[in-house]
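Structure file query_13.txt (compact mmCIF, C-alpha atoms and all ligand atoms) is printed below.
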```txt
# COMPACT_ATOMS: atom_id res chain seq x y z
CA MET A 1 -9.57 19.32 -0.50
CA GLU A 2 -6.38 19.36 1.59
CA TYR A 3 -5.31 15.82 0.63
CA GLU A 4 -5.22 16.51 -3.09
CA PRO A 5 -1.75 16.46 -4.72
CA SER A 6 -0.38 19.36 -6.74
CA GLY A 7 0.11 19.10 -10.50
CA LEU A 8 3.89 19.05 -9.89
CA GLU A 9 3.61 16.12 -7.49
CA ILE A 10 1.58 14.17 -10.04
CA PHE A 11 4.04 15.03 -12.82
CA LEU A 12 7.07 13.91 -10.75
CA THR A 13 5.38 10.66 -9.76
CA HIS A 14 4.61 9.92 -13.42
CA LEU A 15 8.29 10.51 -14.24
CA ALA A 16 9.45 8.16 -11.45
CA PHE A 17 6.95 5.53 -12.60
CA LYS A 18 7.96 5.82 -16.24
CA PHE A 19 11.73 5.75 -15.75
CA CYS A 20 12.17 3.77 -12.50
CA GLY A 21 8.95 1.74 -12.32
CA LYS A 22 10.65 -1.64 -12.17
CA SER A 23 13.41 -0.79 -9.71
CA VAL A 24 11.24 1.29 -7.38
CA TYR A 25 7.73 -0.17 -7.49
CA ASN A 26 8.01 -3.66 -8.97
CA SER A 27 10.78 -4.47 -6.51
CA PHE A 28 8.17 -4.11 -3.75
CA ALA A 29 5.35 -5.92 -5.61
CA ASP A 30 7.79 -8.79 -6.26
CA ARG A 31 8.24 -9.34 -2.54
CA LEU A 32 4.51 -9.88 -1.91
CA PRO A 33 3.82 -13.60 -1.47
CA LEU A 34 1.27 -13.94 -4.31
CA LYS A 35 0.29 -17.12 -6.11
CA GLY A 36 -2.30 -15.49 -8.39
CA ARG A 37 -5.68 -16.07 -6.73
CA GLU A 38 -5.47 -13.73 -3.74
CA ARG A 39 -7.69 -10.80 -2.81
CA VAL A 40 -5.33 -7.85 -2.24
CA LEU A 41 -5.74 -4.29 -0.91
CA ASP A 42 -3.39 -1.47 -1.96
CA PHE A 43 -3.95 1.08 0.82
CA GLY A 44 -2.94 4.58 -0.35
CA CYS A 45 -2.55 3.45 -3.96
CA GLY A 46 -1.72 6.91 -5.37
CA MET A 47 -1.54 6.76 -9.17
CA GLY A 48 -1.28 2.95 -9.07
CA THR A 49 2.51 2.69 -9.23
CA VAL A 50 2.71 -0.56 -7.24
CA ALA A 51 -0.79 -1.70 -8.20
CA TYR A 52 0.28 -1.75 -11.87
CA TYR A 53 2.78 -4.51 -11.07
CA THR A 54 0.66 -6.27 -8.43
CA VAL A 55 -2.36 -6.77 -10.68
CA GLN A 56 -0.17 -8.58 -13.22
CA LYS A 57 0.58 -11.15 -10.51
CA LEU A 58 -3.16 -11.75 -9.89
CA PRO A 59 -4.52 -13.44 -13.02
CA TYR A 60 -7.28 -15.16 -10.99
CA GLY A 61 -7.33 -12.79 -8.01
CA HIS A 62 -8.69 -9.35 -7.24
CA LEU A 63 -7.13 -6.01 -6.31
CA THR A 64 -8.78 -3.16 -4.38
CA CYS A 65 -7.15 0.25 -4.80
CA LEU A 66 -7.98 2.65 -1.96
CA ASP A 67 -6.98 6.29 -1.57
CA ILE A 68 -8.11 9.38 0.30
CA SER A 69 -7.56 11.58 -2.78
CA ARG A 70 -10.00 11.73 -5.68
CA ARG A 71 -7.29 13.06 -7.97
CA TRP A 72 -4.87 10.21 -7.22
CA LEU A 73 -7.64 7.65 -7.55
CA ASN A 74 -8.64 9.01 -10.97
CA SER A 75 -5.02 8.84 -12.03
CA CYS A 76 -4.88 5.24 -10.74
CA ARG A 77 -7.89 4.29 -12.90
CA LYS A 78 -5.96 5.54 -15.92
CA THR A 79 -2.80 3.62 -15.00
CA LEU A 80 -4.80 0.40 -14.59
CA ARG A 81 -7.28 0.80 -17.43
CA GLY A 82 -7.89 -2.49 -19.18
CA TYR A 83 -7.82 -4.62 -16.01
CA LYS A 84 -11.24 -5.94 -14.99
CA ASN A 85 -10.36 -7.48 -11.62
CA ILE A 86 -9.95 -4.17 -9.77
CA ASN A 87 -12.26 -1.96 -7.73
CA TYR A 88 -11.55 1.56 -6.46
CA LEU A 89 -12.43 3.02 -3.06
CA LEU A 90 -12.26 6.69 -2.14
CA CYS A 91 -12.06 7.00 1.66
CA GLU A 92 -9.94 8.11 4.59
CA PHE A 93 -10.67 5.55 7.29
CA PRO A 94 -11.25 2.24 5.60
CA GLU A 95 -14.64 0.65 6.13
CA LEU A 96 -13.94 -2.81 4.81
CA GLU A 97 -15.57 -6.18 5.18
CA ASP A 98 -14.02 -8.22 8.01
CA GLU A 99 -11.45 -10.84 6.98
CA SER A 100 -11.85 -10.13 3.28
CA PHE A 101 -8.21 -9.78 2.12
CA ASP A 102 -5.33 -12.25 1.86
CA VAL A 103 -2.76 -9.46 1.49
CA ILE A 104 -2.85 -5.78 2.44
CA TYR A 105 0.06 -3.51 1.59
CA CYS A 106 1.04 0.12 2.08
CA HIS A 107 3.81 1.65 -0.01
CA PHE A 108 5.08 4.98 1.32
CA VAL A 109 1.74 5.79 2.93
CA LEU A 110 1.76 5.16 6.68
CA HIS A 111 4.51 7.67 7.48
CA ASP A 112 2.21 10.41 6.09
CA ILE A 113 -0.58 9.60 8.55
CA SER A 114 -0.65 11.14 12.05
CA GLU A 115 -0.14 8.80 15.01
CA SER A 116 -3.68 9.42 16.23
CA ASP A 117 -5.10 8.51 12.81
CA LEU A 118 -2.83 5.45 12.60
CA GLU A 119 -4.52 4.22 15.77
CA LYS A 120 -7.76 4.01 13.79
CA VAL A 121 -6.38 3.03 10.40
CA ILE A 122 -4.13 0.11 11.40
CA PRO A 123 -6.74 -1.83 13.46
CA ALA A 124 -9.30 -1.28 10.64
CA LEU A 125 -6.86 -2.73 8.10
CA ILE A 126 -5.99 -5.68 10.31
CA LYS A 127 -9.68 -6.46 10.86
CA ALA A 128 -10.07 -6.68 7.08
CA LEU A 129 -7.22 -9.22 6.83
CA LYS A 130 -8.00 -12.95 6.81
CA ALA A 131 -6.35 -15.27 9.37
CA LYS A 132 -2.82 -16.09 8.08
CA GLY A 133 -3.11 -13.03 5.85
CA ILE A 134 -0.08 -10.84 5.10
CA PHE A 135 0.36 -7.17 5.95
CA ALA A 136 3.29 -5.57 4.10
CA PHE A 137 4.70 -2.08 4.15
CA ARG A 138 7.62 -0.09 2.81
CA GLU A 139 8.28 3.26 4.53
CA PRO A 140 11.23 5.68 4.69
CA LEU A 141 13.84 4.59 7.22
CA ASN A 142 14.44 8.11 8.53
CA GLU A 143 10.87 8.27 9.92
CA THR A 144 12.05 6.54 13.09
CA CYS A 145 9.28 7.67 15.46
CA LYS A 146 6.54 6.85 12.97
CA LEU A 147 8.09 3.45 12.23
CA ASN A 148 8.18 2.64 15.94
CA ALA A 149 4.52 3.65 16.28
CA ILE A 150 3.58 1.49 13.26
CA LYS A 151 5.44 -1.56 14.61
CA HIS A 152 3.89 -1.10 18.04
CA LEU A 153 0.36 -0.90 16.61
CA LEU A 154 0.86 -3.94 14.38
CA GLU A 155 2.13 -6.06 17.25
CA LYS A 156 -0.55 -4.76 19.63
CA ASN A 157 -3.14 -5.92 17.08
CA ARG A 158 -1.69 -9.45 16.99
CA LEU A 159 0.38 -9.34 13.84
CA PHE A 160 3.69 -11.21 13.92
CA LEU A 161 6.81 -10.19 12.06
CA LYS A 162 7.64 -12.64 9.23
CA ASN A 163 10.60 -10.79 7.75
CA SER A 164 12.06 -7.35 7.49
CA ARG A 165 14.88 -5.67 5.61
CA ILE A 166 16.39 -2.30 4.90
CA THR A 167 16.69 -1.50 1.23
CA ASP A 168 18.17 1.38 -0.75
CA ILE A 169 15.60 2.42 -3.35
CA PRO A 170 16.49 4.57 -6.36
CA ILE A 171 15.24 8.19 -5.90
CA MET A 172 13.70 7.44 -2.51
CA GLY A 173 16.68 6.37 -0.41
CA ASN A 174 16.72 3.90 2.46
CA ALA A 175 13.45 2.30 3.42
CA LEU A 176 12.23 -0.35 5.81
CA GLU A 177 10.26 -3.19 4.21
CA SER A 178 8.40 -5.54 6.52
CA LEU A 179 6.00 -8.43 6.15
CA TYR A 180 3.72 -9.37 9.04
CA ILE A 181 1.37 -12.33 9.37
CA LYS A 182 -2.02 -12.38 11.13
CA GLU A 183 -2.24 -15.36 13.50
C1 LIG B 201 3.44 9.19 -1.02
S1 LIG B 201 1.93 8.70 -1.75
C2 LIG B 201 2.30 6.99 -2.19
C3 LIG B 201 1.39 6.48 -3.26
C4 LIG B 201 1.71 5.05 -3.75
N1 LIG B 201 1.50 4.08 -2.70
C5 LIG B 201 3.12 5.02 -4.29
O1 LIG B 201 4.00 4.46 -3.63
O2 LIG B 201 3.34 5.57 -5.39
C6 LIG B 201 0.84 8.51 -0.36
C7 LIG B 201 -0.58 8.16 -0.76
O3 LIG B 201 -1.34 7.82 0.39
C8 LIG B 201 -2.61 8.44 0.31
N2 LIG B 201 -3.14 8.58 1.68
C9 LIG B 201 -2.63 9.35 2.68
N3 LIG B 201 -3.39 9.20 3.80
C10 LIG B 201 -4.37 8.30 3.50
C11 LIG B 201 -5.46 7.72 4.24
N4 LIG B 201 -5.72 8.04 5.51
N5 LIG B 201 -6.26 6.86 3.61
C12 LIG B 201 -6.02 6.53 2.31
N6 LIG B 201 -5.02 7.02 1.56
C13 LIG B 201 -4.20 7.91 2.15
C14 LIG B 201 -2.32 9.77 -0.40
O4 LIG B 201 -3.47 10.34 -0.97
C15 LIG B 201 -1.30 9.31 -1.46
O5 LIG B 201 -1.93 8.82 -2.62
```

Any chance you could put this one into structure tokens?
Ligand SMILES: C[S@@+](CC[C@H](N)C(=O)[O-])C[C@H]1O[C@@H](n2cnc3c(N)ncnc32)[C@H](O)[C@@H]1O
Amino acid sequence: MEYEPSGLEIFLTHLAFKFCGKSVYNSFADRLPLKGRERVLDFGCGMGTVAYYTVQKLPYGHLTCLDISRRWLNSCRKTLRGYKNINYLLCEFPELEDESFDVIYCHFVLHDISESDLEKVIPALIKALKAKGIFAFREPLNETCKLNAIKHLLEKNRLFLKNSRITDIPIMGNALESLYIKE
């Protein structure tokens, strides 16, 4: 399947997770406004790099890990083994229950999706977000066109910017991190 990662990609991601997990992935999970009871979606979870830190902030909540790749999702199950409050979804265009999540986040995912697919994916994600729910993303800053398309689609679908910052992430470089709220 064309979306499956190579062995090298998986190996390098494991290295980044092992040696820079806190500075790269936990730094994003830390910025999610979580109190511990929320229902959260990690869209494009990969091997569970961010999910590993997010689930620890959800002692009474629930995390859904979604990915298009079977191989990444299997790897994610291994990363998160032992946690009971997680379910795993293998799909490309999310078919999710309306207004079922308090927080949805994407970490280095949206820039990989074509603009025409983003036009389907972003509204589907927003539909699955509860009123006052949070949509968060972190994407590479040099993907200017894609970032503009993402911002446009979020605002067109009635999300409002809560805060935004540029951050320099070890290994990955400059990225834009934004939090939007659904009115
Ligand atoms: C660069 S990786 C990032 C993985 C993880 N979020 C992280 O930061 O380590 C991008 C991930 O998005 C997934 N992905 C790409 N397009 C997708 C789509 N349309 N639906 C779901 N997942 C997708 C890929 O399979 C991959 O796991």

Note to self: Residues contacting ligand LIG 201 (chain B) - anything with an atom at most 8 Å away, using all atoms listed in the file - can you give me those as a ChimeraX atom specification?
What the structure shows: /A:3-5,13,25,42-50,66-69,72-73,90-94,106-110,112-113,117,121

Margin query: Just to confirm, what's the straight-line distance from atom CA of A:His62 to atom CA of A:Thr79 in Å (one decimal)?
Written below: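 Value for the atom CA of A:His62-atom CA of A:Thr79 distance: 16.2 Å.
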
Check: What is the atom CA of A:Glu177-atom CA of A:Lys18 distance in Å, reported with one decimal?
Finding: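 For atom CA of A:Glu177 relative to atom CA of A:Lys18, the distance reads 22.5 Å.
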
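The nearest approach to A:Asn74 among the residues A:Ile10, A:Phe28, A:Glu183, A:Phe160, with all atoms listed in the file taken into account, belongs to A:Ile10.
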
Checklist line | Residues near A:Val103, cut-off 10 Å, only C-alpha atoms, skip fewer than 2 positions along chain, as a PyMOL selection string | finding: chain A and resi 32-34+38-42+63+100-101+105+128-130+132-136+179-181

Just-selected residues, C-alpha atoms written as a JSON list (two decimals), in the coordinates of the input:
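Okay, this is what ended up in result.json:
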```json
[["chain", "number", "residue", "atom", "x", "y", "z"],
["A", 32, "LEU", "CA", 4.51, -9.88, -1.91],
["A", 33, "PRO", "CA", 3.82, -13.60, -1.47],
["A", 34, "LEU", "CA", 1.27, -13.94, -4.31],
["A", 38, "GLU", "CA", -5.47, -13.73, -3.74],
["A", 39, "ARG", "CA", -7.69, -10.80, -2.81],
["A", 40, "VAL", "CA", -5.33, -7.85, -2.24],
["A", 41, "LEU", "CA", -5.74, -4.29, -0.91],
["A", 42, "ASP", "CA", -3.39, -1.47, -1.96],
["A", 63, "LEU", "CA", -7.13, -6.01, -6.31],
["A", 100, "SER", "CA", -11.85, -10.13, 3.28],
["A", 101, "PHE", "CA", -8.21, -9.78, 2.12],
["A", 105, "TYR", "CA", 0.06, -3.51, 1.59],
["A", 128, "ALA", "CA", -10.07, -6.68, 7.08],
["A", 129, "LEU", "CA", -7.22, -9.22, 6.83],
["A", 130, "LYS", "CA", -8.00, -12.95, 6.81],
["A", 132, "LYS", "CA", -2.82, -16.09, 8.08],
["A", 133, "GLY", "CA", -3.11, -13.03, 5.85],
["A", 134, "ILE", "CA", -0.08, -10.84, 5.10],
["A", 135, "PHE", "CA", 0.36, -7.17, 5.95],
["A", 136, "ALA", "CA", 3.29, -5.57, 4.10],
["A", 179, "LEU", "CA", 6.00, -8.43, 6.15],
["A", 180, "TYR", "CA", 3.72, -9.37, 9.04],
["A", 181, "ILE", "CA", 1.37, -12.33, 9.37]]
```

Item checked: Of the listed residues A:Cys76, A:Leu159, A:Ile171, A:Cys145, that which approaches A:Tyr52 most closely, counting all atoms listed in the file ->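 Under the stated criterion, the closest residue is A:Cys76.
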
Item checked: Top pick for closest residue to A:Asn142, considering A:Lys156, A:His111, A:Arg165, A:Lys120 and counting all atoms listed in the file ->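 Ranked by minimum distance to A:Asn142, first place goes to A:His111.
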
Notebook entry, point to check: If you count all atoms listed in the file, which residues fall within 7 Å of A:Leu176, apart from same-chain ones fewer than 2 positions away, as a ChimeraX atom specification?
Noted result: /A:138-141,165-167,178

Requested write-out: C-alpha atoms of the selected residues, as a CSV table (one decimal), keeping the file's coordinate frame:
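The file below, part-v6.csv, is the result:
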```csv
chain,number,residue,atom,x,y,z
A,138,ARG,CA,7.6,-0.1,2.8
A,139,GLU,CA,8.3,3.3,4.5
A,140,PRO,CA,11.2,5.7,4.7
A,141,LEU,CA,13.8,4.6,7.2
A,165,ARG,CA,14.9,-5.7,5.6
A,166,ILE,CA,16.4,-2.3,4.9
A,167,THR,CA,16.7,-1.5,1.2
A,178,SER,CA,8.4,-5.5,6.5
```

Check: Counting only C-alpha atoms, which of A:Thr64, A:Asp30, A:Arg71, A:Gly21 gets nearest to A:Glu9?
Finding: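 Checking each of A:Thr64, A:Asp30, A:Arg71, A:Gly21 against A:Glu9, counting only C-alpha atoms, the winner is A:Arg71.
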
Check: Between atom CA of A:Lys182 and atom CA of A:Ile126, what is the distance, to one decimal in Å?
Finding: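 Distance reported for this atom pair: 7.8 Å.
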
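With distances taken from (14.3, 11.4, -4.3) and restricted to all atoms listed in the file, the residues inside 12 Å are Leu12, Thr13, Leu15, Ala16, Cys20, Val24, Pro140, Asp168, Ile169, Pro170, Ile171, Met172, Gly173, Asn174 and Ala175 of chain A.
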
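The closest residue to A:Phe17, picked from A:Ala51, A:Leu58, A:His152, A:Asn85 and counting all atoms listed in the file, is A:Ala51.
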
Generate the missing atoms of stretch 105-129 of chain A up to N, CA and C atoms and report them as a short mmCIF file (atom, residue, chain, number, x, y, z; two decimals), in the frame of the given file.
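Full text of selection08.cif as output:
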```cif
data_model
loop_
_atom_site.label_atom_id
_atom_site.label_comp_id
_atom_site.auth_asym_id
_atom_site.auth_seq_id
_atom_site.Cartn_x
_atom_site.Cartn_y
_atom_site.Cartn_z
N TYR A 105 -1.25 -4.16 1.57
CA TYR A 105 0.06 -3.51 1.59
C TYR A 105 -0.07 -1.99 1.53
N CYS A 106 0.96 -1.34 2.06
CA CYS A 106 1.04 0.12 2.08
C CYS A 106 2.44 0.48 1.58
N HIS A 107 2.51 1.26 0.53
CA HIS A 107 3.81 1.65 -0.01
C HIS A 107 3.98 3.16 0.12
N PHE A 108 4.84 3.56 1.06
CA PHE A 108 5.08 4.98 1.32
C PHE A 108 3.79 5.74 1.63
N VAL A 109 3.02 5.19 2.55
CA VAL A 109 1.74 5.79 2.93
C VAL A 109 1.68 6.08 4.43
N LEU A 110 2.03 5.08 5.24
CA LEU A 110 1.76 5.16 6.68
C LEU A 110 2.53 6.30 7.35
N HIS A 111 3.73 6.61 6.84
CA HIS A 111 4.51 7.67 7.48
C HIS A 111 3.85 9.05 7.31
N ASP A 112 2.92 9.15 6.35
CA ASP A 112 2.21 10.41 6.09
C ASP A 112 1.00 10.60 7.00
N ILE A 113 0.65 9.56 7.74
CA ILE A 113 -0.58 9.60 8.55
C ILE A 113 -0.21 9.89 10.01
N SER A 114 -0.98 10.76 10.67
CA SER A 114 -0.65 11.14 12.05
C SER A 114 -0.80 9.92 12.96
N GLU A 115 -0.09 9.96 14.09
CA GLU A 115 -0.14 8.80 15.01
C GLU A 115 -1.55 8.55 15.49
N SER A 116 -2.31 9.64 15.73
CA SER A 116 -3.68 9.42 16.23
C SER A 116 -4.55 8.79 15.14
N ASP A 117 -4.33 9.15 13.89
CA ASP A 117 -5.10 8.51 12.81
C ASP A 117 -4.63 7.06 12.59
N LEU A 118 -3.32 6.83 12.75
CA LEU A 118 -2.83 5.45 12.60
C LEU A 118 -3.51 4.51 13.60
N GLU A 119 -3.85 5.06 14.76
CA GLU A 119 -4.52 4.22 15.77
C GLU A 119 -5.89 3.76 15.32
N LYS A 120 -6.47 4.48 14.34
CA LYS A 120 -7.76 4.01 13.79
C LYS A 120 -7.53 3.18 12.53
N VAL A 121 -6.58 3.65 11.71
CA VAL A 121 -6.38 3.03 10.40
C VAL A 121 -5.83 1.60 10.53
N ILE A 122 -4.79 1.43 11.34
CA ILE A 122 -4.13 0.11 11.40
C ILE A 122 -5.07 -0.98 11.92
N PRO A 123 -5.80 -0.76 13.04
CA PRO A 123 -6.74 -1.83 13.46
C PRO A 123 -7.81 -2.11 12.40
N ALA A 124 -8.27 -1.06 11.69
CA ALA A 124 -9.30 -1.28 10.64
C ALA A 124 -8.73 -2.15 9.52
N LEU A 125 -7.47 -1.92 9.16
CA LEU A 125 -6.86 -2.73 8.10
C LEU A 125 -6.68 -4.17 8.57
N ILE A 126 -6.24 -4.32 9.81
CA ILE A 126 -5.99 -5.68 10.31
C ILE A 126 -7.29 -6.48 10.42
N LYS A 127 -8.37 -5.79 10.78
CA LYS A 127 -9.68 -6.46 10.86
C LYS A 127 -10.09 -7.00 9.48
N ALA A 128 -9.68 -6.29 8.45
CA ALA A 128 -10.07 -6.68 7.08
C ALA A 128 -9.18 -7.80 6.52
N LEU A 129 -8.16 -8.18 7.29
CA LEU A 129 -7.22 -9.22 6.83
C LEU A 129 -7.70 -10.59 7.31
#
```
